file input-v8.pdb (PDB, C-alpha atoms, pLDDT in the B column)
ATOM      1  CA  MET G   1      -3.049 -11.744  23.804  1.00 73.00           C
ATOM      2  CA  PHE G   2      -3.856  -9.545  20.813  1.00 79.00           C
ATOM      3  CA  LEU G   3      -0.187  -9.082  19.912  1.00 80.00           C
ATOM      4  CA  LYS G   4       0.510 -12.783  20.428  1.00 84.00           C
ATOM      5  CA  ILE G   5      -2.011 -13.470  17.670  1.00 89.00           C
ATOM      6  CA  LEU G   6      -1.227 -10.506  15.422  1.00 89.00           C
ATOM      7  CA  VAL G   7       2.534 -11.006  15.091  1.00 89.00           C
ATOM      8  CA  PRO G   8       2.455 -14.749  14.207  1.00 91.00           C
ATOM      9  CA  ALA G   9      -0.449 -14.103  11.821  1.00 91.00           C
ATOM     10  CA  CYS G  10       1.539 -11.461   9.942  1.00 91.00           C
ATOM     11  CA  LEU G  11       4.594 -13.723   9.799  1.00 90.00           C
ATOM     12  CA  ILE G  12       2.477 -16.591   8.438  1.00 91.00           C
ATOM     13  CA  ILE G  13       0.956 -14.331   5.773  1.00 89.00           C
ATOM     14  CA  THR G  14       4.340 -12.995   4.628  1.00 90.00           C
ATOM     15  CA  THR G  15       5.786 -16.516   4.562  1.00 90.00           C
ATOM     16  CA  ALA G  16       2.864 -17.723   2.449  1.00 88.00           C
ATOM     17  CA  GLN G  17       3.387 -14.733   0.164  1.00 86.00           C
ATOM     18  CA  LEU G  18       7.059 -15.607  -0.274  1.00 87.00           C
ATOM     19  CA  ILE G  19       6.284 -19.257  -1.095  1.00 87.00           C
ATOM     20  CA  ALA G  20       3.666 -18.275  -3.674  1.00 83.00           C
ATOM     21  CA  LEU G  21       5.993 -15.683  -5.192  1.00 83.00           C
ATOM     22  CA  VAL G  22       8.862 -18.173  -5.525  1.00 85.00           C
ATOM     23  CA  HIS G  23       6.495 -20.606  -7.259  1.00 80.00           C
ATOM     24  CA  ALA G  24       5.275 -17.926  -9.675  1.00 77.00           C
ATOM     25  CA  ILE G  25       8.826 -16.832 -10.545  1.00 78.00           C
ATOM     26  CA  HIS G  26       9.882 -20.440 -11.080  1.00 78.00           C
ATOM     27  CA  TYR G  27       6.866 -21.094 -13.316  1.00 74.00           C
ATOM     28  CA  TRP G  28       7.429 -18.022 -15.475  1.00 72.00           C
ATOM     29  CA  LEU G  29      11.216 -18.041 -15.761  1.00 74.00           C
ATOM     30  CA  VAL G  30      11.951 -21.790 -15.743  1.00 76.00           C
ATOM     31  CA  ILE G  31       8.872 -23.505 -17.161  1.00 71.00           C
ATOM     32  CA  CYS G  32       7.559 -20.777 -19.482  1.00 69.00           C
ATOM     33  CA  ARG G  33      11.068 -19.441 -20.199  1.00 67.00           C
ATOM     34  CA  ILE G  34      10.010 -15.811 -20.207  1.00 61.00           C
ATOM     35  CA  PRO G  35      10.929 -13.435 -21.851  1.00 57.00           C
ATOM     36  CA  GLU G  36      11.554 -15.715 -24.870  1.00 57.00           C
ATOM     37  CA  ASN G  37       8.028 -17.133 -24.571  1.00 56.00           C
ATOM     38  CA  TYR G  38       6.376 -13.881 -23.542  1.00 54.00           C
ATOM     39  CA  VAL G  39       2.937 -15.174 -24.540  1.00 55.00           C
ATOM     40  CA  PHE G  40       2.928 -17.429 -21.472  1.00 54.00           C
ATOM     41  CA  LEU G  41       3.014 -14.388 -19.215  1.00 57.00           C
ATOM     42  CA  GLY G  42      -0.760 -14.371 -19.387  1.00 55.00           C
ATOM     43  CA  ALA G  43      -1.133 -17.880 -18.010  1.00 55.00           C
ATOM     44  CA  LEU G  44      -2.547 -17.118 -14.587  1.00 56.00           C
ATOM     45  CA  THR G  45      -4.273 -20.427 -13.966  1.00 52.00           C
ATOM     46  CA  GLN G  46      -1.010 -22.404 -13.836  1.00 51.00           C
ATOM     47  CA  SER G  47       0.801 -20.152 -11.385  1.00 54.00           C
ATOM     48  CA  PHE G  48       0.283 -18.682  -7.965  1.00 61.00           C
ATOM     49  CA  VAL G  49       1.060 -15.172  -9.122  1.00 65.00           C
ATOM     50  CA  VAL G  50      -2.246 -13.812  -7.857  1.00 75.00           C
ATOM     51  CA  GLY G  51      -1.600 -15.287  -4.419  1.00 79.00           C
ATOM     52  CA  PRO G  52       1.249 -13.009  -3.340  1.00 82.00           C
ATOM     53  CA  ILE G  53      -0.588  -9.996  -4.780  1.00 84.00           C
ATOM     54  CA  TYR G  54      -3.669 -10.679  -2.677  1.00 87.00           C
ATOM     55  CA  LEU G  55      -1.537 -11.370   0.398  1.00 88.00           C
ATOM     56  CA  THR G  56       0.333  -8.090  -0.032  1.00 89.00           C
ATOM     57  CA  TYR G  57      -2.921  -6.143   0.149  1.00 92.00           C
ATOM     58  CA  ILE G  58      -4.103  -8.168   3.139  1.00 92.00           C
ATOM     59  CA  VAL G  59      -0.953  -7.764   5.248  1.00 92.00           C
ATOM     60  CA  THR G  60      -0.782  -4.052   4.388  1.00 92.00           C
ATOM     61  CA  THR G  61      -4.321  -3.594   5.676  1.00 94.00           C
ATOM     62  CA  VAL G  62      -3.653  -5.592   8.836  1.00 93.00           C
ATOM     63  CA  VAL G  63      -0.629  -3.467   9.762  1.00 92.00           C
ATOM     64  CA  GLN G  64      -2.402  -0.200   8.921  1.00 93.00           C
ATOM     65  CA  LEU G  65      -5.330  -1.211  11.134  1.00 93.00           C
ATOM     66  CA  PHE G  66      -2.848  -1.997  13.901  1.00 92.00           C
ATOM     67  CA  TYR G  67      -1.560   1.566  13.667  1.00 91.00           C
ATOM     68  CA  ALA G  68      -5.157   2.808  13.518  1.00 93.00           C
ATOM     69  CA  MET G  69      -5.665   1.123  16.903  1.00 91.00           C
ATOM     70  CA  ARG G  70      -2.664   3.025  18.229  1.00 87.00           C
ATOM     71  CA  VAL G  71      -4.123   6.291  16.977  1.00 90.00           C
ATOM     72  CA  TRP G  72      -7.476   5.362  18.562  1.00 91.00           C
ATOM     73  CA  THR G  73      -5.803   4.891  21.948  1.00 87.00           C
ATOM     74  CA  VAL G  74      -3.368   7.826  21.889  1.00 84.00           C
ATOM     75  CA  SER G  75      -6.102  10.180  20.599  1.00 86.00           C
ATOM     76  CA  LYS G  76      -8.393   9.067  23.444  1.00 86.00           C
ATOM     77  CA  ARG G  77     -10.795   7.362  21.044  1.00 88.00           C
ATOM     78  CA  ASN G  78     -11.079  10.059  18.425  1.00 91.00           C
ATOM     79  CA  LYS G  79     -13.606   8.544  16.014  1.00 93.00           C
ATOM     80  CA  VAL G  80     -13.004  11.017  13.185  1.00 94.00           C
ATOM     81  CA  ILE G  81      -9.243  10.554  12.816  1.00 93.00           C
ATOM     82  CA  THR G  82      -9.403   6.799  13.384  1.00 95.00           C
ATOM     83  CA  GLY G  83     -12.321   6.487  10.976  1.00 96.00           C
ATOM     84  CA  ILE G  84     -10.391   8.306   8.238  1.00 96.00           C
ATOM     85  CA  ILE G  85      -7.426   5.963   8.659  1.00 95.00           C
ATOM     86  CA  VAL G  86      -9.619   2.847   8.623  1.00 96.00           C
ATOM     87  CA  ALA G  87     -11.523   4.099   5.568  1.00 97.00           C
ATOM     88  CA  MET G  88      -8.328   4.746   3.595  1.00 96.00           C
ATOM     89  CA  SER G  89      -6.884   1.373   4.580  1.00 95.00           C
ATOM     90  CA  LEU G  90     -10.033  -0.464   3.486  1.00 96.00           C
ATOM     91  CA  THR G  91     -10.054   1.583   0.271  1.00 96.00           C
ATOM     92  CA  GLN G  92      -6.568   0.333  -0.640  1.00 94.00           C
ATOM     93  CA  LEU G  93      -7.682  -3.231   0.167  1.00 95.00           C
ATOM     94  CA  THR G  94     -10.866  -3.147  -1.937  1.00 96.00           C
ATOM     95  CA  SER G  95      -9.132  -1.355  -4.821  1.00 94.00           C
ATOM     96  CA  GLY G  96      -6.263  -3.832  -4.796  1.00 92.00           C
ATOM     97  CA  VAL G  97      -8.552  -6.853  -4.639  1.00 92.00           C
ATOM     98  CA  SER G  98     -10.644  -5.401  -7.480  1.00 92.00           C
ATOM     99  CA  LEU G  99      -7.503  -4.943  -9.570  1.00 88.00           C
ATOM    100  CA  VAL G 100      -6.365  -8.551  -9.156  1.00 86.00           C
ATOM    101  CA  THR G 101      -9.876  -9.979  -9.545  1.00 86.00           C
ATOM    102  CA  TYR G 102     -10.320  -8.126 -12.828  1.00 86.00           C
ATOM    103  CA  MET G 103      -6.942  -9.407 -13.988  1.00 80.00           C
ATOM    104  CA  VAL G 104      -7.937 -12.982 -13.144  1.00 79.00           C
ATOM    105  CA  THR G 105     -11.309 -12.533 -14.875  1.00 81.00           C
ATOM    106  CA  ILE G 106      -9.586 -11.408 -18.087  1.00 78.00           C
ATOM    107  CA  GLY G 107      -7.186 -14.320 -17.676  1.00 71.00           C
ATOM    108  CA  ASN G 108      -4.063 -12.374 -18.515  1.00 70.00           C
ATOM    109  CA  VAL G 109      -1.604 -10.649 -16.222  1.00 69.00           C
ATOM    110  CA  THR G 110      -1.051  -7.953 -18.851  1.00 70.00           C
ATOM    111  CA  ALA G 111      -4.559  -6.732 -17.951  1.00 75.00           C
ATOM    112  CA  VAL G 112      -2.825  -4.902 -15.103  1.00 75.00           C
ATOM    113  CA  TYR G 113      -2.266  -2.128 -17.660  1.00 76.00           C
ATOM    114  CA  SER G 114      -5.940  -1.937 -18.666  1.00 83.00           C
ATOM    115  CA  LYS G 115      -7.836   1.320 -18.151  1.00 86.00           C
ATOM    116  CA  PHE G 116      -9.835  -0.124 -15.247  1.00 88.00           C
ATOM    117  CA  ASN G 117      -6.729  -1.338 -13.459  1.00 85.00           C
ATOM    118  CA  LYS G 118      -4.929   1.941 -14.048  1.00 85.00           C
ATOM    119  CA  VAL G 119      -7.679   3.649 -12.060  1.00 90.00           C
ATOM    120  CA  ALA G 120      -7.957   0.896  -9.429  1.00 90.00           C
ATOM    121  CA  GLY G 121      -4.188   0.729  -8.966  1.00 87.00           C
ATOM    122  CA  SER G 122      -3.846   4.485  -8.647  1.00 88.00           C
ATOM    123  CA  VAL G 123      -6.592   4.549  -6.014  1.00 92.00           C
ATOM    124  CA  GLU G 124      -5.002   1.627  -4.166  1.00 91.00           C
ATOM    125  CA  LEU G 125      -1.486   3.074  -4.042  1.00 87.00           C
ATOM    126  CA  GLY G 126      -2.701   6.616  -3.450  1.00 89.00           C
ATOM    127  CA  SER G 127      -4.973   5.681  -0.550  1.00 92.00           C
ATOM    128  CA  SER G 128      -2.281   3.476   0.994  1.00 90.00           C
ATOM    129  CA  THR G 129       0.311   6.268   0.804  1.00 88.00           C
ATOM    130  CA  LEU G 130      -2.125   8.822   2.191  1.00 91.00           C
ATOM    131  CA  CYS G 131      -3.096   6.438   4.986  1.00 92.00           C
ATOM    132  CA  ASP G 132       0.542   6.090   6.066  1.00 89.00           C
ATOM    133  CA  ILE G 133       1.010   9.860   5.997  1.00 90.00           C
ATOM    134  CA  VAL G 134      -2.078  10.428   8.147  1.00 92.00           C
ATOM    135  CA  ILE G 135      -0.980   7.747  10.640  1.00 90.00           C
ATOM    136  CA  SER G 136       2.518   9.196  11.055  1.00 87.00           C
ATOM    137  CA  ALA G 137       1.350  12.822  11.165  1.00 88.00           C
ATOM    138  CA  THR G 138      -1.401  12.037  13.677  1.00 90.00           C
ATOM    139  CA  LEU G 139       0.888  10.119  16.037  1.00 84.00           C
ATOM    140  CA  VAL G 140       3.502  12.876  15.901  1.00 84.00           C
ATOM    141  CA  TRP G 141       0.883  15.558  16.551  1.00 86.00           C
ATOM    142  CA  LEU G 142      -0.746  13.685  19.448  1.00 82.00           C
ATOM    143  CA  LEU G 143       2.490  12.627  21.113  1.00 76.00           C
ATOM    144  CA  ARG G 144       4.062  16.073  20.887  1.00 75.00           C
ATOM    145  CA  GLY G 145       0.844  17.605  22.182  1.00 71.00           C
ATOM    146  CA  ASN G 146       1.057  15.440  25.309  1.00 61.00           C
ATOM    147  CA  LYS G 147       4.722  16.288  25.706  1.00 58.00           C
ATOM    148  CA  GLN G 148       4.283  19.887  26.840  1.00 59.00           C
ATOM    149  CA  ASN G 149       3.383  19.212  30.473  1.00 55.00           C
ATOM    150  CA  SER G 150       5.477  16.073  30.941  1.00 55.00           C
ATOM    151  CA  PHE G 151       8.686  15.603  32.902  1.00 55.00           C
ATOM    152  CA  LYS G 152      12.043  15.520  31.145  1.00 58.00           C
ATOM    153  CA  ARG G 153      12.415  11.737  31.182  1.00 59.00           C
ATOM    154  CA  THR G 154       8.913  11.372  29.798  1.00 63.00           C
ATOM    155  CA  ARG G 155       9.636  13.955  27.093  1.00 65.00           C
ATOM    156  CA  ASN G 156      12.734  12.030  26.025  1.00 68.00           C
ATOM    157  CA  ALA G 157      10.682   8.855  25.667  1.00 67.00           C
ATOM    158  CA  ILE G 158       8.035  10.712  23.674  1.00 68.00           C
ATOM    159  CA  ASP G 159      10.729  12.092  21.367  1.00 71.00           C
ATOM    160  CA  LYS G 160      11.794   8.528  20.614  1.00 72.00           C
ATOM    161  CA  LEU G 161       8.197   7.516  19.894  1.00 71.00           C
ATOM    162  CA  VAL G 162       7.883  10.474  17.525  1.00 74.00           C
ATOM    163  CA  LEU G 163      11.122   9.493  15.790  1.00 75.00           C
ATOM    164  CA  TYR G 164       9.928   5.922  15.291  1.00 72.00           C
ATOM    165  CA  SER G 165       6.582   7.144  13.946  1.00 71.00           C
ATOM    166  CA  VAL G 166       8.247   9.403  11.372  1.00 75.00           C
ATOM    167  CA  ASN G 167      10.828   6.854  10.229  1.00 72.00           C
ATOM    168  CA  ILE G 168       8.320   4.031   9.865  1.00 72.00           C
ATOM    169  CA  GLY G 169       5.915   6.154   7.826  1.00 75.00           C
ATOM    170  CA  LEU G 170       8.746   7.587   5.717  1.00 81.00           C
ATOM    171  CA  LEU G 171       9.986   4.177   4.542  1.00 84.00           C
ATOM    172  CA  THR G 172       6.587   2.745   3.630  1.00 83.00           C
ATOM    173  CA  ASN G 173       5.589   5.979   1.887  1.00 83.00           C
ATOM    174  CA  LEU G 174       8.801   6.031  -0.139  1.00 87.00           C
ATOM    175  CA  ILE G 175       8.376   2.451  -1.387  1.00 88.00           C
ATOM    176  CA  ALA G 176       4.688   2.975  -2.173  1.00 84.00           C
ATOM    177  CA  LEU G 177       5.495   6.162  -4.074  1.00 86.00           C
ATOM    178  CA  VAL G 178       8.243   4.471  -6.120  1.00 89.00           C
ATOM    179  CA  ASN G 179       5.826   1.621  -6.811  1.00 86.00           C
ATOM    180  CA  LEU G 180       3.207   4.053  -8.118  1.00 83.00           C
ATOM    181  CA  VAL G 181       5.659   6.017 -10.280  1.00 86.00           C
ATOM    182  CA  THR G 182       7.283   2.947 -11.857  1.00 86.00           C
ATOM    183  CA  TRP G 183       3.894   1.399 -12.552  1.00 80.00           C
ATOM    184  CA  LEU G 184       2.470   4.492 -14.249  1.00 81.00           C
ATOM    185  CA  ALA G 185       5.657   5.389 -16.130  1.00 83.00           C
ATOM    186  CA  ALA G 186       6.855   1.952 -17.247  1.00 76.00           C
ATOM    187  CA  PRO G 187       5.873   0.578 -20.690  1.00 76.00           C
ATOM    188  CA  GLU G 188       3.289  -2.203 -20.771  1.00 70.00           C
ATOM    189  CA  ASP G 189       5.883  -4.923 -21.358  1.00 68.00           C
ATOM    190  CA  ASN G 190       7.823  -3.869 -18.267  1.00 73.00           C
ATOM    191  CA  PHE G 191       6.946  -5.206 -14.809  1.00 76.00           C
ATOM    192  CA  ILE G 192       9.710  -3.566 -12.802  1.00 82.00           C
ATOM    193  CA  PHE G 193       7.078  -2.113 -10.453  1.00 84.00           C
ATOM    194  CA  ALA G 194       6.478  -5.653  -9.134  1.00 82.00           C
ATOM    195  CA  ILE G 195       9.819  -5.483  -7.300  1.00 85.00           C
ATOM    196  CA  PHE G 196       8.506  -2.681  -5.086  1.00 88.00           C
ATOM    197  CA  HIS G 197       4.976  -4.062  -4.874  1.00 86.00           C
ATOM    198  CA  PHE G 198       5.972  -7.455  -3.482  1.00 85.00           C
ATOM    199  CA  SER G 199       8.403  -5.882  -1.003  1.00 87.00           C
ATOM    200  CA  LEU G 200       5.732  -3.632   0.521  1.00 87.00           C
ATOM    201  CA  GLY G 201       4.110  -6.347   2.612  1.00 87.00           C
ATOM    202  CA  LYS G 202       7.384  -7.348   4.233  1.00 89.00           C
ATOM    203  CA  ILE G 203       8.307  -3.716   4.874  1.00 90.00           C
ATOM    204  CA  TYR G 204       4.989  -3.142   6.637  1.00 90.00           C
ATOM    205  CA  VAL G 205       5.448  -6.193   8.849  1.00 91.00           C
ATOM    206  CA  ASN G 206       9.048  -5.264   9.663  1.00 89.00           C
ATOM    207  CA  SER G 207       8.015  -1.703  10.519  1.00 86.00           C
ATOM    208  CA  MET G 208       5.448  -3.084  12.955  1.00 87.00           C
ATOM    209  CA  LEU G 209       8.026  -5.415  14.531  1.00 87.00           C
ATOM    210  CA  VAL G 210      10.518  -2.561  14.886  1.00 83.00           C
ATOM    211  CA  SER G 211       7.971  -0.407  16.683  1.00 81.00           C
ATOM    212  CA  LEU G 212       7.046  -3.275  19.021  1.00 83.00           C
ATOM    213  CA  ASN G 213      10.654  -4.190  19.773  1.00 81.00           C
ATOM    214  CA  ALA G 214      11.391  -0.579  20.699  1.00 76.00           C
ATOM    215  CA  ARG G 215       9.008  -0.798  23.654  1.00 70.00           C
ATOM    216  CA  ASP G 216      11.435  -2.388  26.111  1.00 66.00           C
ATOM    217  CA  LYS G 217      14.120   0.242  25.642  1.00 70.00           C
ATOM    218  CA  ILE G 218      11.669   3.118  25.987  1.00 71.00           C
ATOM    219  CA  ARG G 219       9.936   1.487  28.966  1.00 68.00           C
ATOM    220  CA  ASN G 220      13.237   1.040  30.806  1.00 67.00           C
ATOM    221  CA  GLU G 221      14.061   4.709  30.360  1.00 63.00           C
ATOM    222  CA  MET G 222      10.726   5.650  31.904  1.00 61.00           C
ATOM    223  CA  MET G 223      10.979   3.343  34.916  1.00 60.00           C
ATOM    224  CA  THR G 224      13.785   5.110  36.755  1.00 54.00           C
ATOM    225  CA  SER G 225      11.835   7.999  38.209  1.00 47.00           C
ATOM    226  CA  ALA G 226       9.182   8.152  40.908  1.00 43.00           C
ATOM    227  CA  TYR G 227       7.572  11.431  39.915  1.00 41.00           C
ATOM    228  CA  VAL G 228       3.949  11.688  38.975  1.00 36.00           C
ATOM    229  CA  ALA G 229       3.232  12.038  35.280  1.00 42.00           C
ATOM    230  CA  PRO G 230       0.176  13.729  33.778  1.00 38.00           C
ATOM    231  CA  SER G 231      -0.672  11.052  31.217  1.00 40.00           C
ATOM    232  CA  MET G 232       0.003   7.575  29.894  1.00 42.00           C
ATOM    233  CA  PHE G 233       0.660   6.386  26.372  1.00 44.00           C
ATOM    234  CA  ASP G 234      -0.519   2.886  25.557  1.00 49.00           C
ATOM    235  CA  VAL G 235       0.854   3.040  22.027  1.00 49.00           C
ATOM    236  CA  ASP G 236       0.162  -0.635  21.459  1.00 52.00           C
ATOM    237  CA  GLY G 237      -3.514   0.160  21.533  1.00 45.00           C
ATOM    238  CA  VAL G 238      -4.299  -3.024  23.431  1.00 46.00           C
ATOM    239  CA  GLY G 239      -3.849  -2.084  27.061  1.00 44.00           C
ATOM    240  CA  ALA G 240      -6.298  -1.206  29.760  1.00 39.00           C
ATOM    241  CA  THR G 241      -7.384   2.326  30.536  1.00 40.00           C
ATOM    242  CA  ALA G 242      -4.771   4.169  32.523  1.00 40.00           C
ATOM    243  CA  PRO G 243      -5.355   5.853  35.856  1.00 38.00           C
ATOM    244  CA  LYS G 244      -5.247   9.620  35.789  1.00 40.00           C
ATOM    245  CA  THR G 245      -2.288   9.851  38.187  1.00 36.00           C
ATOM    246  CA  ILE G 246       0.417   7.196  38.166  1.00 37.00           C
ATOM    247  CA  PRO G 247       4.138   6.933  38.964  1.00 40.00           C
ATOM    248  CA  LEU G 248       6.370   7.936  36.094  1.00 38.00           C
ATOM    249  CA  GLY G 249       7.947   4.501  36.220  1.00 40.00           C
ATOM    250  CA  ARG G 250       4.644   3.016  35.055  1.00 41.00           C
ATOM    251  CA  ILE G 251       3.910   5.499  32.308  1.00 39.00           C
ATOM    252  CA  GLY G 252       2.866   3.905  29.078  1.00 41.00           C
ATOM    253  CA  GLY G 253       2.017   0.517  30.538  1.00 41.00           C
ATOM    254  CA  LYS G 254       3.135  -0.901  27.179  1.00 41.00           C
ATOM    255  CA  VAL G 255       5.358   1.468  25.284  1.00 41.00           C
TER
END
call {"tool": "encode", "arguments": {"input": "input-v8.pdb", "output": "structure tokens"}}
result
Amino acid sequence: MFLKILVPACLIITTAQLIALVHAIHYWLVICRIPENYVFLGALTQSFVVGPIYLTYIVTTVVQLFYAMRVWTVSKRNKVITGIIVAMSLTQLTSGVSLVTYMVTIGNVTAVYSKFNKVAGSVELGSSTLCDIVISATLVWLLRGNKQNSFKRTRNAIDKLVLYSVNIGLLTNLIALVNLVTWLAAPEDNFIFAIFHFSLGKIYVNSMLVSLNARDKIRNEMMTSAYVAPSMFDVDGVGATAPKTIPLGRIGGKV
């Protein structure tokens, strides 16, 4: 039930973000005729430019909290690690919202380069990148730790989970890092960083969908043996507590 709500919610948010972004681009490039009429770049009240920015921060937090739930389950409810991930995710959300709110208060999108927003944006992107690194590193560490005493077929499935964890974190980290570098290095009349910023939300949602769609393949590989496995990995973070001893074919419940 949780996933049936989470996935459509993320798709609705990203669709709303795309609609608002298309409106903002149309307003600036067609109506205001930027860059010829650069002064109109500050007109926030007539465009939905702040909408997609807010939605990017929201969908990023939602997906990061989804992975935090996975860490919570795989780590057997480790409050410290999960708490660190949740704290960093909420830090990127509050910093991002503060950045946009300040920009709206000033009434000019060029306020994104103000001293306050330089700090808020650096905290937002830094905490988001660090959060992704901690999520990927923690999942790899926990999954490989449970691999030692598992059967071969189980180890192969765990290797695939580790591979997905690394690849998903690598892509989001790369885009976030490029976003941070282009934003800090670009001149104040250059908004090239927005290309990477507005793509982040969709990348996060797609990474979540990829990890969910991989479950069937991994589950099928684990259902062909009748041996007893030492543990179970509910990597969705939404399943029931596993019995201590179960057939290998039922390992992972939801993988």
call {"tool": "resolve_selection", "arguments": {"input": "input-v8.pdb", "expression": "the PyMOL selection byres ((chain G and resi 103) around 10)", "output": "ChimeraX atom specification"}}
result
/G:42,44,50,97-102,104-114,116-117
call {"tool": "write_last_selection", "arguments": {"input": "input-v8.pdb", "atoms": "C-alpha atoms", "output": "PDB file, in the coordinates of the input"}}
result
ATOM      1  CA  GLY G  42      -0.760 -14.371 -19.387  1.00 55.00           C
ATOM      2  CA  LEU G  44      -2.547 -17.118 -14.587  1.00 56.00           C
ATOM      3  CA  VAL G  50      -2.246 -13.812  -7.857  1.00 75.00           C
ATOM      4  CA  VAL G  97      -8.552  -6.853  -4.639  1.00 92.00           C
ATOM      5  CA  SER G  98     -10.644  -5.401  -7.480  1.00 92.00           C
ATOM      6  CA  LEU G  99      -7.503  -4.943  -9.570  1.00 88.00           C
ATOM      7  CA  VAL G 100      -6.365  -8.551  -9.156  1.00 86.00           C
ATOM      8  CA  THR G 101      -9.876  -9.979  -9.545  1.00 86.00           C
ATOM      9  CA  TYR G 102     -10.320  -8.126 -12.828  1.00 86.00           C
ATOM     10  CA  VAL G 104      -7.937 -12.982 -13.144  1.00 79.00           C
ATOM     11  CA  THR G 105     -11.309 -12.533 -14.875  1.00 81.00           C
ATOM     12  CA  ILE G 106      -9.586 -11.408 -18.087  1.00 78.00           C
ATOM     13  CA  GLY G 107      -7.186 -14.320 -17.676  1.00 71.00           C
ATOM     14  CA  ASN G 108      -4.063 -12.374 -18.515  1.00 70.00           C
ATOM     15  CA  VAL G 109      -1.604 -10.649 -16.222  1.00 69.00           C
ATOM     16  CA  THR G 110      -1.051  -7.953 -18.851  1.00 70.00           C
ATOM     17  CA  ALA G 111      -4.559  -6.732 -17.951  1.00 75.00           C
ATOM     18  CA  VAL G 112      -2.825  -4.902 -15.103  1.00 75.00           C
ATOM     19  CA  TYR G 113      -2.266  -2.128 -17.660  1.00 76.00           C
ATOM     20  CA  SER G 114      -5.940  -1.937 -18.666  1.00 83.00           C
ATOM     21  CA  PHE G 116      -9.835  -0.124 -15.247  1.00 88.00           C
ATOM     22  CA  ASN G 117      -6.729  -1.338 -13.459  1.00 85.00           C
TER      23      ASN G 117
END
call {"tool": "atom_distance", "arguments": {"input": "input-v8.pdb", "atom1": "CA of Ser75 in chain G", "atom2": "CA of Leu142 in chain G"}}
result
6.5 Å
call {"tool": "resolve_selection", "arguments": {"input": "input-v8.pdb", "expression": "the PyMOL selection byres ((chain G and resi 207) around 10)", "output": "PyMOL selection string"}}
result
chain G and resi 63+164-165+167-169+171-172+201-206+208-213
call {"tool": "closest_residue", "arguments": {"input": "input-v8.pdb", "among": "G:Leu143, G:Asn179, G:Leu29, G:Ala68", "to": "Ser199 in chain G", "atoms": "only C-alpha atoms"}}
result
G:Asn179
call {"tool": "atom_distance", "arguments": {"input": "input-v8.pdb", "atom1": "CA of Tyr54 in chain G", "atom2": "CA of Trp28 in chain G"}}
result
18.5 Å
call {"tool": "atom_distance", "arguments": {"input": "input-v8.pdb", "atom1": "CA of Val134 in chain G", "atom2": "CA of Ile175 in chain G"}}
result
16.2 Å
call {"tool": "closest_residue", "arguments": {"input": "input-v8.pdb", "among": "G:Thr82, G:Asn173, G:Ser122, G:Thr129", "to": "Leu65 in chain G", "atoms": "all atoms listed in the file"}}
result
G:Thr82
call {"tool": "closest_residue", "arguments": {"input": "input-v8.pdb", "among": "G:Leu200, G:Pro52, G:Ile31, G:Val7", "to": "Ile19 in chain G", "atoms": "all atoms listed in the file"}}
result
G:Pro52
call {"tool": "resolve_selection", "arguments": {"input": "input-v8.pdb", "expression": "the PyMOL selection byres ((chain G and resi 13) around 12)", "output": "PyMOL selection string"}}
result
chain G and resi 6-12+14-20+51-63+201-202+204-205
call {"tool": "write_last_selection", "arguments": {"input": "input-v8.pdb", "atoms": "C-alpha atoms", "output": "compact mmCIF listing (two decimals), in the frame of the given file"}}
result
# COMPACT_ATOMS: atom_id res chain seq x y z
CA LEU G 6 -1.23 -10.51 15.42
CA VAL G 7 2.53 -11.01 15.09
CA PRO G 8 2.46 -14.75 14.21
CA ALA G 9 -0.45 -14.10 11.82
CA CYS G 10 1.54 -11.46 9.94
CA LEU G 11 4.59 -13.72 9.80
CA ILE G 12 2.48 -16.59 8.44
CA THR G 14 4.34 -13.00 4.63
CA THR G 15 5.79 -16.52 4.56
CA ALA G 16 2.86 -17.72 2.45
CA GLN G 17 3.39 -14.73 0.16
CA LEU G 18 7.06 -15.61 -0.27
CA ILE G 19 6.28 -19.26 -1.10
CA ALA G 20 3.67 -18.27 -3.67
CA GLY G 51 -1.60 -15.29 -4.42
CA PRO G 52 1.25 -13.01 -3.34
CA ILE G 53 -0.59 -10.00 -4.78
CA TYR G 54 -3.67 -10.68 -2.68
CA LEU G 55 -1.54 -11.37 0.40
CA THR G 56 0.33 -8.09 -0.03
CA TYR G 57 -2.92 -6.14 0.15
CA ILE G 58 -4.10 -8.17 3.14
CA VAL G 59 -0.95 -7.76 5.25
CA THR G 60 -0.78 -4.05 4.39
CA THR G 61 -4.32 -3.59 5.68
CA VAL G 62 -3.65 -5.59 8.84
CA VAL G 63 -0.63 -3.47 9.76
CA GLY G 201 4.11 -6.35 2.61
CA LYS G 202 7.38 -7.35 4.23
CA TYR G 204 4.99 -3.14 6.64
CA VAL G 205 5.45 -6.19 8.85
call {"tool": "closest_residue", "arguments": {"input": "input-v8.pdb", "among": "G:Ser128, G:Thr182, G:Asn190, G:Ser136", "to": "Arg70 in chain G", "atoms": "all atoms listed in the file"}}
result
G:Ser136
call {"tool": "residues_around", "arguments": {"input": "input-v8.pdb", "residues": "range 183-185 of chain G", "least_positions_apart": "6", "cutoff": "12 Å", "atoms": "only C-alpha atoms", "output": "PyMOL selection string"}}
result
chain G and resi 112-115+117-119+121-122+125+176-177+191-197
call {"tool": "closest_residue", "arguments": {"input": "input-v8.pdb", "among": "G:Ile25, G:Ser127, G:Ser95, G:Leu139", "to": "Trp72 in chain G", "atoms": "all atoms listed in the file"}}
result
G:Leu139
